[in-house]
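Enquirer: I have a structure here, written as structure tokens, and I will follow up with some questions on it.
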Amino acid sequence: MTQALDDLLDLLDLERVEQNIFRGRSRSAVVPRVFGGQVAAQALVAAGRTVPDDRTTHSLHSYFLRMGDPGAPIVYTVDRIRDGRSFTTRRVVAVQHGQPIFHLSASFQTEEDGLEHQAGMPPAPDPETLPTAAESLPRYADRFVDEGVVDRFLQARAAVDLRYVDEPPYGTVGRPREPRSQVWFRVNGKLADDPLLHVCMATYVSDMTLLDSVLLAHGRGGWAVGDVVGASLDHAMWFHRPFRADEWLLYDQESPSASGGRGLGQARIWTRDGRLAISVIQEGVVRVPR
């Protein structure tokens, strides 16, 4: 296990203050605010620690309410909404400085047999044939607003091996493309067999690139280039089949719409052997600076 992954696991290991109250801390992000994927993953950890072991996460729905302060602890309060025979529902509110910054509802289910079908996995090159972030990011250094962006990107994503199939938005600035993006990802190291841990890691990564496809449709490079400003508004995930976040996962993303200063991204995540593991939808603020 790499030190970066060990640090991320430590970040997700929340302190239990009381039966339904947990406290987490933050890490430095690429921008001076709490990374949305971090607060979502931590909230899911808090919810999962109040659920029986025989129930796994099947969905989450969340809203980003305020910008998080990376220098202050985050308190997560869990509301045990429902404990049924098959499903368990939890609501989590993340608070900083006396104000809610994030809200999550998550549902957990016992294992069941049922009808089975799935969409087909799209074509994608083998992940090992694609350049790593350390190999590709320095090529774009002259397009970013400051020289430190590359180092901040690499530091923030050191726990995850994330590889773009095609050029990222900052690689094709000024050239609108089809609003679709693919990345392969896995964490940089071996994880324990706890299903909640793998779900939380996928939740963490899912907020890294989902709005790329919005930018691609308009030839925008993103906040690091300085031609848009944005932030996540809401985030929803459905977990269909078991997967491991320490094995390659294909994140196939597209944007069906952008309007009113907002952009919508939707995606599916497949295991390397073609099983549809997760569906994701996110809307974010995407504004052109004046």
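Residue names in the structure tokens use chain letters A, B, ... in the order shown, residue numbers from 1 in each chain, and ligand numbers from 1 in the order shown.
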Determine, counting only C-alpha atoms, which protein, DNA and RNA residues have an atom within 8 Å of an atom of range 70-81 of chain A; residues of the same chain fewer than 5 positions away are not included. Present the result as number ranges by chain.
Expert: A: 20-28, 32-34, 43, 46-47, 50, 88-96
Enquirer: Go ahead and dump the residues you just picked, N, CA and C atoms, as a PDB file, in the first residue's frame.
Expert:
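What landed in result.pdb:
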```pdb
ATOM      1  N   ASN A  20     -24.335   8.254  17.240  1.00  0.00           N
ATOM      2  CA  ASN A  20     -24.718   8.671  15.892  1.00  0.00           C
ATOM      3  C   ASN A  20     -23.992   9.932  15.434  1.00  0.00           C
ATOM      4  N   ILE A  21     -22.886  10.263  16.083  1.00  0.00           N
ATOM      5  CA  ILE A  21     -22.134  11.464  15.728  1.00  0.00           C
ATOM      6  C   ILE A  21     -20.679  11.092  15.479  1.00  0.00           C
ATOM      7  N   PHE A  22     -20.136  11.557  14.351  1.00  0.00           N
ATOM      8  CA  PHE A  22     -18.767  11.246  13.958  1.00  0.00           C
ATOM      9  C   PHE A  22     -18.047  12.547  13.604  1.00  0.00           C
ATOM     10  N   ARG A  23     -16.730  12.514  13.722  1.00  0.00           N
ATOM     11  CA  ARG A  23     -15.937  13.695  13.380  1.00  0.00           C
ATOM     12  C   ARG A  23     -14.857  13.297  12.392  1.00  0.00           C
ATOM     13  N   GLY A  24     -14.717  14.105  11.348  1.00  0.00           N
ATOM     14  CA  GLY A  24     -13.690  13.871  10.338  1.00  0.00           C
ATOM     15  C   GLY A  24     -12.850  15.114  10.132  1.00  0.00           C
ATOM     16  N   ARG A  25     -11.723  14.923   9.494  1.00  0.00           N
ATOM     17  CA  ARG A  25     -10.860  16.039   9.143  1.00  0.00           C
ATOM     18  C   ARG A  25     -10.694  16.062   7.639  1.00  0.00           C
ATOM     19  N   SER A  26      -9.986  17.048   7.132  1.00  0.00           N
ATOM     20  CA  SER A  26      -9.822  17.204   5.690  1.00  0.00           C
ATOM     21  C   SER A  26      -8.355  17.148   5.316  1.00  0.00           C
ATOM     22  N   ARG A  27      -8.116  17.033   4.048  1.00  0.00           N
ATOM     23  CA  ARG A  27      -6.762  17.050   3.523  1.00  0.00           C
ATOM     24  C   ARG A  27      -6.662  18.172   2.506  1.00  0.00           C
ATOM     25  N   SER A  28      -5.458  18.563   2.160  1.00  0.00           N
ATOM     26  CA  SER A  28      -5.268  19.611   1.161  1.00  0.00           C
ATOM     27  C   SER A  28      -5.816  19.143  -0.174  1.00  0.00           C
ATOM     28  N   PRO A  32      -8.730  25.609  -2.753  1.00  0.00           N
ATOM     29  CA  PRO A  32      -8.776  25.878  -1.298  1.00  0.00           C
ATOM     30  C   PRO A  32     -10.159  25.669  -0.693  1.00  0.00           C
ATOM     31  N   ARG A  33     -10.692  24.473  -0.835  1.00  0.00           N
ATOM     32  CA  ARG A  33     -11.939  24.085  -0.200  1.00  0.00           C
ATOM     33  C   ARG A  33     -11.934  22.571  -0.051  1.00  0.00           C
ATOM     34  N   VAL A  34     -12.846  22.043   0.728  1.00  0.00           N
ATOM     35  CA  VAL A  34     -12.919  20.599   0.927  1.00  0.00           C
ATOM     36  C   VAL A  34     -13.375  19.948  -0.377  1.00  0.00           C
ATOM     37  N   ALA A  43     -19.274  10.992   4.726  1.00  0.00           N
ATOM     38  CA  ALA A  43     -20.669  10.888   5.153  1.00  0.00           C
ATOM     39  C   ALA A  43     -21.184   9.468   4.978  1.00  0.00           C
ATOM     40  N   ALA A  46     -19.896   7.373   7.792  1.00  0.00           N
ATOM     41  CA  ALA A  46     -20.689   7.602   8.998  1.00  0.00           C
ATOM     42  C   ALA A  46     -22.000   6.836   8.949  1.00  0.00           C
ATOM     43  N   ALA A  47     -22.687   6.890   7.813  1.00  0.00           N
ATOM     44  CA  ALA A  47     -23.947   6.163   7.672  1.00  0.00           C
ATOM     45  C   ALA A  47     -23.725   4.666   7.792  1.00  0.00           C
ATOM     46  N   THR A  50     -23.501   2.711  11.121  1.00  0.00           N
ATOM     47  CA  THR A  50     -24.708   2.533  11.942  1.00  0.00           C
ATOM     48  C   THR A  50     -25.634   1.471  11.350  1.00  0.00           C
ATOM     49  N   THR A  88     -32.399  -0.572   4.876  1.00  0.00           N
ATOM     50  CA  THR A  88     -32.066   0.362   5.954  1.00  0.00           C
ATOM     51  C   THR A  88     -31.762   1.713   5.317  1.00  0.00           C
ATOM     52  N   THR A  89     -32.323   2.780   5.885  1.00  0.00           N
ATOM     53  CA  THR A  89     -32.124   4.125   5.345  1.00  0.00           C
ATOM     54  C   THR A  89     -31.492   5.015   6.400  1.00  0.00           C
ATOM     55  N   ARG A  90     -30.504   5.781   5.973  1.00  0.00           N
ATOM     56  CA  ARG A  90     -29.831   6.710   6.865  1.00  0.00           C
ATOM     57  C   ARG A  90     -29.746   8.096   6.207  1.00  0.00           C
ATOM     58  N   ARG A  91     -29.858   9.126   7.050  1.00  0.00           N
ATOM     59  CA  ARG A  91     -29.662  10.500   6.605  1.00  0.00           C
ATOM     60  C   ARG A  91     -28.491  11.069   7.384  1.00  0.00           C
ATOM     61  N   VAL A  92     -27.591  11.765   6.690  1.00  0.00           N
ATOM     62  CA  VAL A  92     -26.391  12.319   7.318  1.00  0.00           C
ATOM     63  C   VAL A  92     -26.295  13.805   6.981  1.00  0.00           C
ATOM     64  N   VAL A  93     -26.029  14.614   7.981  1.00  0.00           N
ATOM     65  CA  VAL A  93     -25.775  16.040   7.787  1.00  0.00           C
ATOM     66  C   VAL A  93     -24.352  16.329   8.239  1.00  0.00           C
ATOM     67  N   ALA A  94     -23.566  16.956   7.372  1.00  0.00           N
ATOM     68  CA  ALA A  94     -22.198  17.360   7.697  1.00  0.00           C
ATOM     69  C   ALA A  94     -22.202  18.833   8.075  1.00  0.00           C
ATOM     70  N   VAL A  95     -21.590  19.152   9.213  1.00  0.00           N
ATOM     71  CA  VAL A  95     -21.645  20.518   9.757  1.00  0.00           C
ATOM     72  C   VAL A  95     -20.238  21.051  10.011  1.00  0.00           C
ATOM     73  N   GLN A  96     -20.033  22.314   9.643  1.00  0.00           N
ATOM     74  CA  GLN A  96     -18.823  23.056   9.988  1.00  0.00           C
ATOM     75  C   GLN A  96     -19.216  24.449  10.451  1.00  0.00           C
TER      76      GLN A  96
END
```
Enquirer: Excluding Tyr251 in chain A and residues on its chain fewer than 3 positions from it, collect all residues at most 12 Å away from it, counting only C-alpha atoms, and give them as a short mmCIF file (atom, residue, chain, number, x, y, z; two decimals) with N, CA, C and O atoms, in the first residue's frame.
Expert:
```
data_model
loop_
_atom_site.label_atom_id
_atom_site.label_comp_id
_atom_site.auth_asym_id
_atom_site.auth_seq_id
_atom_site.Cartn_x
_atom_site.Cartn_y
_atom_site.Cartn_z
N MET A 121 -21.02 -3.03 -21.91
CA MET A 121 -19.87 -2.18 -21.63
C MET A 121 -19.35 -1.56 -22.92
O MET A 121 -19.19 -2.24 -23.94
N PRO A 122 -19.07 -0.25 -22.95
CA PRO A 122 -18.55 0.38 -24.16
C PRO A 122 -17.10 -0.03 -24.41
O PRO A 122 -16.39 -0.44 -23.49
N PRO A 123 -16.66 0.09 -25.65
CA PRO A 123 -15.24 -0.23 -25.94
C PRO A 123 -14.32 0.78 -25.28
O PRO A 123 -14.63 1.97 -25.17
N ALA A 124 -13.17 0.30 -24.84
CA ALA A 124 -12.15 1.16 -24.23
C ALA A 124 -10.82 0.43 -24.30
O ALA A 124 -10.77 -0.79 -24.19
N PRO A 127 -6.28 -0.37 -19.75
CA PRO A 127 -5.76 0.73 -18.92
C PRO A 127 -4.25 0.80 -18.86
O PRO A 127 -3.67 1.90 -18.75
N LEU A 162 -5.50 7.19 -11.92
CA LEU A 162 -6.59 7.60 -12.80
C LEU A 162 -6.01 7.95 -14.17
O LEU A 162 -5.14 8.81 -14.28
N ARG A 163 -6.49 7.26 -15.21
CA ARG A 163 -5.92 7.42 -16.54
C ARG A 163 -7.01 7.75 -17.55
O ARG A 163 -7.98 7.02 -17.70
N TYR A 164 -6.83 8.88 -18.25
CA TYR A 164 -7.78 9.30 -19.29
C TYR A 164 -7.60 8.45 -20.55
O TYR A 164 -6.48 8.19 -20.99
N VAL A 165 -8.72 8.04 -21.13
CA VAL A 165 -8.69 7.33 -22.41
C VAL A 165 -8.35 8.31 -23.54
O VAL A 165 -7.53 8.02 -24.41
N ARG A 180 -18.38 13.54 -24.05
CA ARG A 180 -18.19 12.22 -23.46
C ARG A 180 -16.73 12.06 -23.07
O ARG A 180 -15.83 12.49 -23.79
N SER A 181 -16.52 11.44 -21.92
CA SER A 181 -15.16 11.23 -21.42
C SER A 181 -15.08 9.87 -20.74
O SER A 181 -16.03 9.42 -20.09
N GLN A 182 -13.95 9.21 -20.91
CA GLN A 182 -13.71 7.93 -20.26
C GLN A 182 -12.40 7.99 -19.47
O GLN A 182 -11.40 8.53 -19.95
N VAL A 183 -12.43 7.43 -18.26
CA VAL A 183 -11.20 7.23 -17.51
C VAL A 183 -11.24 5.83 -16.89
O VAL A 183 -12.31 5.30 -16.58
N TRP A 184 -10.08 5.24 -16.75
CA TRP A 184 -9.91 4.04 -15.93
C TRP A 184 -9.37 4.48 -14.58
O TRP A 184 -8.54 5.39 -14.51
N PHE A 185 -9.79 3.85 -13.50
CA PHE A 185 -9.23 4.18 -12.20
C PHE A 185 -9.20 2.97 -11.29
O PHE A 185 -9.97 2.03 -11.43
N ARG A 186 -8.29 3.03 -10.34
CA ARG A 186 -8.20 2.10 -9.22
C ARG A 186 -7.35 2.77 -8.15
O ARG A 186 -6.54 3.66 -8.45
N ALA A 202 -14.97 4.37 -4.24
CA ALA A 202 -15.55 4.71 -5.53
C ALA A 202 -16.31 6.03 -5.46
O ALA A 202 -16.29 6.83 -6.40
N THR A 203 -16.98 6.27 -4.34
CA THR A 203 -17.67 7.54 -4.14
C THR A 203 -16.68 8.69 -4.15
O THR A 203 -16.92 9.74 -4.76
N VAL A 205 -13.74 8.86 -5.66
CA VAL A 205 -13.19 9.10 -6.99
C VAL A 205 -14.25 9.65 -7.94
O VAL A 205 -13.95 10.42 -8.86
N SER A 206 -15.51 9.29 -7.73
CA SER A 206 -16.57 9.63 -8.69
C SER A 206 -16.75 11.13 -8.86
O SER A 206 -17.30 11.58 -9.87
N ASP A 207 -16.29 11.94 -7.90
CA ASP A 207 -16.45 13.39 -8.00
C ASP A 207 -15.28 14.06 -8.70
O ASP A 207 -15.29 15.27 -8.91
N MET A 208 -14.28 13.30 -9.12
CA MET A 208 -13.08 13.90 -9.68
C MET A 208 -13.25 14.37 -11.12
O MET A 208 -12.71 15.41 -11.51
N THR A 209 -14.00 13.63 -11.94
CA THR A 209 -13.99 13.89 -13.38
C THR A 209 -15.37 13.94 -14.02
O THR A 209 -15.47 14.11 -15.23
N LEU A 210 -16.45 13.83 -13.25
CA LEU A 210 -17.77 13.62 -13.85
C LEU A 210 -18.24 14.80 -14.69
O LEU A 210 -18.97 14.61 -15.67
N ASP A 212 -16.34 16.67 -16.53
CA ASP A 212 -15.45 16.88 -17.68
C ASP A 212 -16.23 16.96 -18.99
O ASP A 212 -15.91 17.76 -19.87
N SER A 213 -17.23 16.09 -19.13
CA SER A 213 -17.96 16.02 -20.40
C SER A 213 -18.72 17.32 -20.68
O SER A 213 -18.92 17.69 -21.84
N ALA A 245 -12.51 -1.53 -5.54
CA ALA A 245 -11.92 -0.26 -5.95
C ALA A 245 -10.41 -0.36 -6.13
O ALA A 245 -9.80 0.59 -6.62
N TRP A 248 -9.14 -2.38 -11.63
CA TRP A 248 -9.50 -1.39 -12.64
C TRP A 248 -11.01 -1.29 -12.85
O TRP A 248 -11.70 -2.29 -12.98
N GLU A 254 -20.82 11.16 -19.66
CA GLU A 254 -21.34 12.00 -20.73
C GLU A 254 -22.20 13.11 -20.14
O GLU A 254 -22.65 13.01 -18.99
N GLY A 265 -23.88 15.84 -15.61
CA GLY A 265 -23.06 14.70 -16.02
C GLY A 265 -23.71 13.41 -15.57
O GLY A 265 -24.26 13.33 -14.47
N GLN A 266 -23.69 12.40 -16.42
CA GLN A 266 -24.18 11.08 -16.04
C GLN A 266 -23.17 10.04 -16.49
O GLN A 266 -22.45 10.24 -17.47
N ALA A 267 -23.10 8.94 -15.77
CA ALA A 267 -22.01 8.00 -16.03
C ALA A 267 -22.39 6.60 -15.58
O ALA A 267 -23.30 6.41 -14.76
N ARG A 268 -21.63 5.65 -16.10
CA ARG A 268 -21.69 4.27 -15.65
C ARG A 268 -20.27 3.79 -15.38
O ARG A 268 -19.33 4.19 -16.06
N ILE A 269 -20.15 2.93 -14.39
CA ILE A 269 -18.84 2.40 -14.01
C ILE A 269 -18.89 0.89 -14.15
O ILE A 269 -19.74 0.23 -13.56
N TRP A 270 -17.96 0.34 -14.95
CA TRP A 270 -17.88 -1.10 -15.20
C TRP A 270 -16.61 -1.69 -14.59
O TRP A 270 -15.57 -1.03 -14.53
N THR A 271 -16.71 -2.94 -14.19
CA THR A 271 -15.52 -3.69 -13.84
C THR A 271 -14.79 -4.05 -15.13
O THR A 271 -15.35 -4.00 -16.23
N ARG A 272 -13.55 -4.45 -14.99
CA ARG A 272 -12.74 -4.74 -16.17
C ARG A 272 -13.31 -5.92 -16.97
O ARG A 272 -13.14 -5.99 -18.19
N GLY A 274 -16.46 -6.45 -17.48
CA GLY A 274 -17.70 -6.10 -18.16
C GLY A 274 -18.96 -6.08 -17.33
O GLY A 274 -20.05 -5.97 -17.87
N LEU A 276 -21.62 -4.21 -15.03
CA LEU A 276 -22.03 -2.86 -14.68
C LEU A 276 -22.14 -2.77 -13.16
O LEU A 276 -23.01 -3.40 -12.55
N ALA A 277 -21.27 -1.97 -12.55
CA ALA A 277 -21.18 -1.91 -11.10
C ALA A 277 -21.95 -0.73 -10.51
O ALA A 277 -22.60 -0.86 -9.47
N ILE A 278 -21.86 0.45 -11.16
CA ILE A 278 -22.39 1.68 -10.56
C ILE A 278 -22.96 2.57 -11.65
O ILE A 278 -22.43 2.66 -12.75
N SER A 279 -24.05 3.27 -11.33
CA SER A 279 -24.55 4.38 -12.15
C SER A 279 -24.41 5.66 -11.33
O SER A 279 -24.61 5.65 -10.11
N VAL A 280 -24.07 6.76 -12.01
CA VAL A 280 -23.80 8.03 -11.32
C VAL A 280 -24.44 9.18 -12.09
O VAL A 280 -24.41 9.20 -13.32
#
```
Enquirer: Among range 30-161 of chain A, which residues carry a DSSP assignment of helix (DSSP H, G or I), reported as a ChimeraX atom specification?
Expert: /A:36-48,127-129,133-143,149-156
Enquirer: Quick one: everything within 7 Å of range 227-230 of chain A, counting only C-alpha atoms, minus sequence neighbours fewer than 6 positions away in the same chain. Send it as a PyMOL selection string.
Expert: chain A and resi 220-221+284-289
Enquirer: Ranking A:Ala217, A:Val51, A:Ala141, A:Ala134 by minimum distance to Gln155 in chain A and counting only C-alpha atoms, which one comes first?
Expert: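 Closest candidate: A:Ala134.
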Enquirer: Where does DSSP see strand (DSSP E) in range 213-281 of chain A, if you list the residues as a PyMOL selection string?
Expert: chain A and resi 229-239+249-259+262-271+276-281
Enquirer: Looking at only C-alpha atoms, which of A:His240, A:Arg143, A:His103, A:Arg85 is the one that sits closest to Pro52 in chain A?
Expert: A:Arg85
Enquirer: How many Å separate CA of Gly226 in chain A from CA of Val214 in chain A?
Expert: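 Those two atoms sit 15.3 Å apart.
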Enquirer: Would you mind listing what lies within 9 Å of Thr172 in chain A as a PyMOL selection string, with only C-alpha atoms counted and same-chain residues fewer than 4 positions away left out?
Expert: chain A and resi 167-168+176-177+216+219-221
Enquirer: Would you pick out the contacts of Tyr63 in chain A at 8 Å or less, using only C-alpha atoms, so that residues sharing its chain but fewer than 2 positions from it are not included, and give the list as a ChimeraX atom specification?
Expert: /A:61,65,102-104,233-235
Enquirer: Measuring atom to atom with only C-alpha atoms, identify which of A:Val17, A:Ala133, A:Met201, A:Ala192 is nearest to Val39 in chain A.
Expert: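 When distances to Val39 in chain A are compared using only C-alpha atoms, the smallest one comes from A:Met201.
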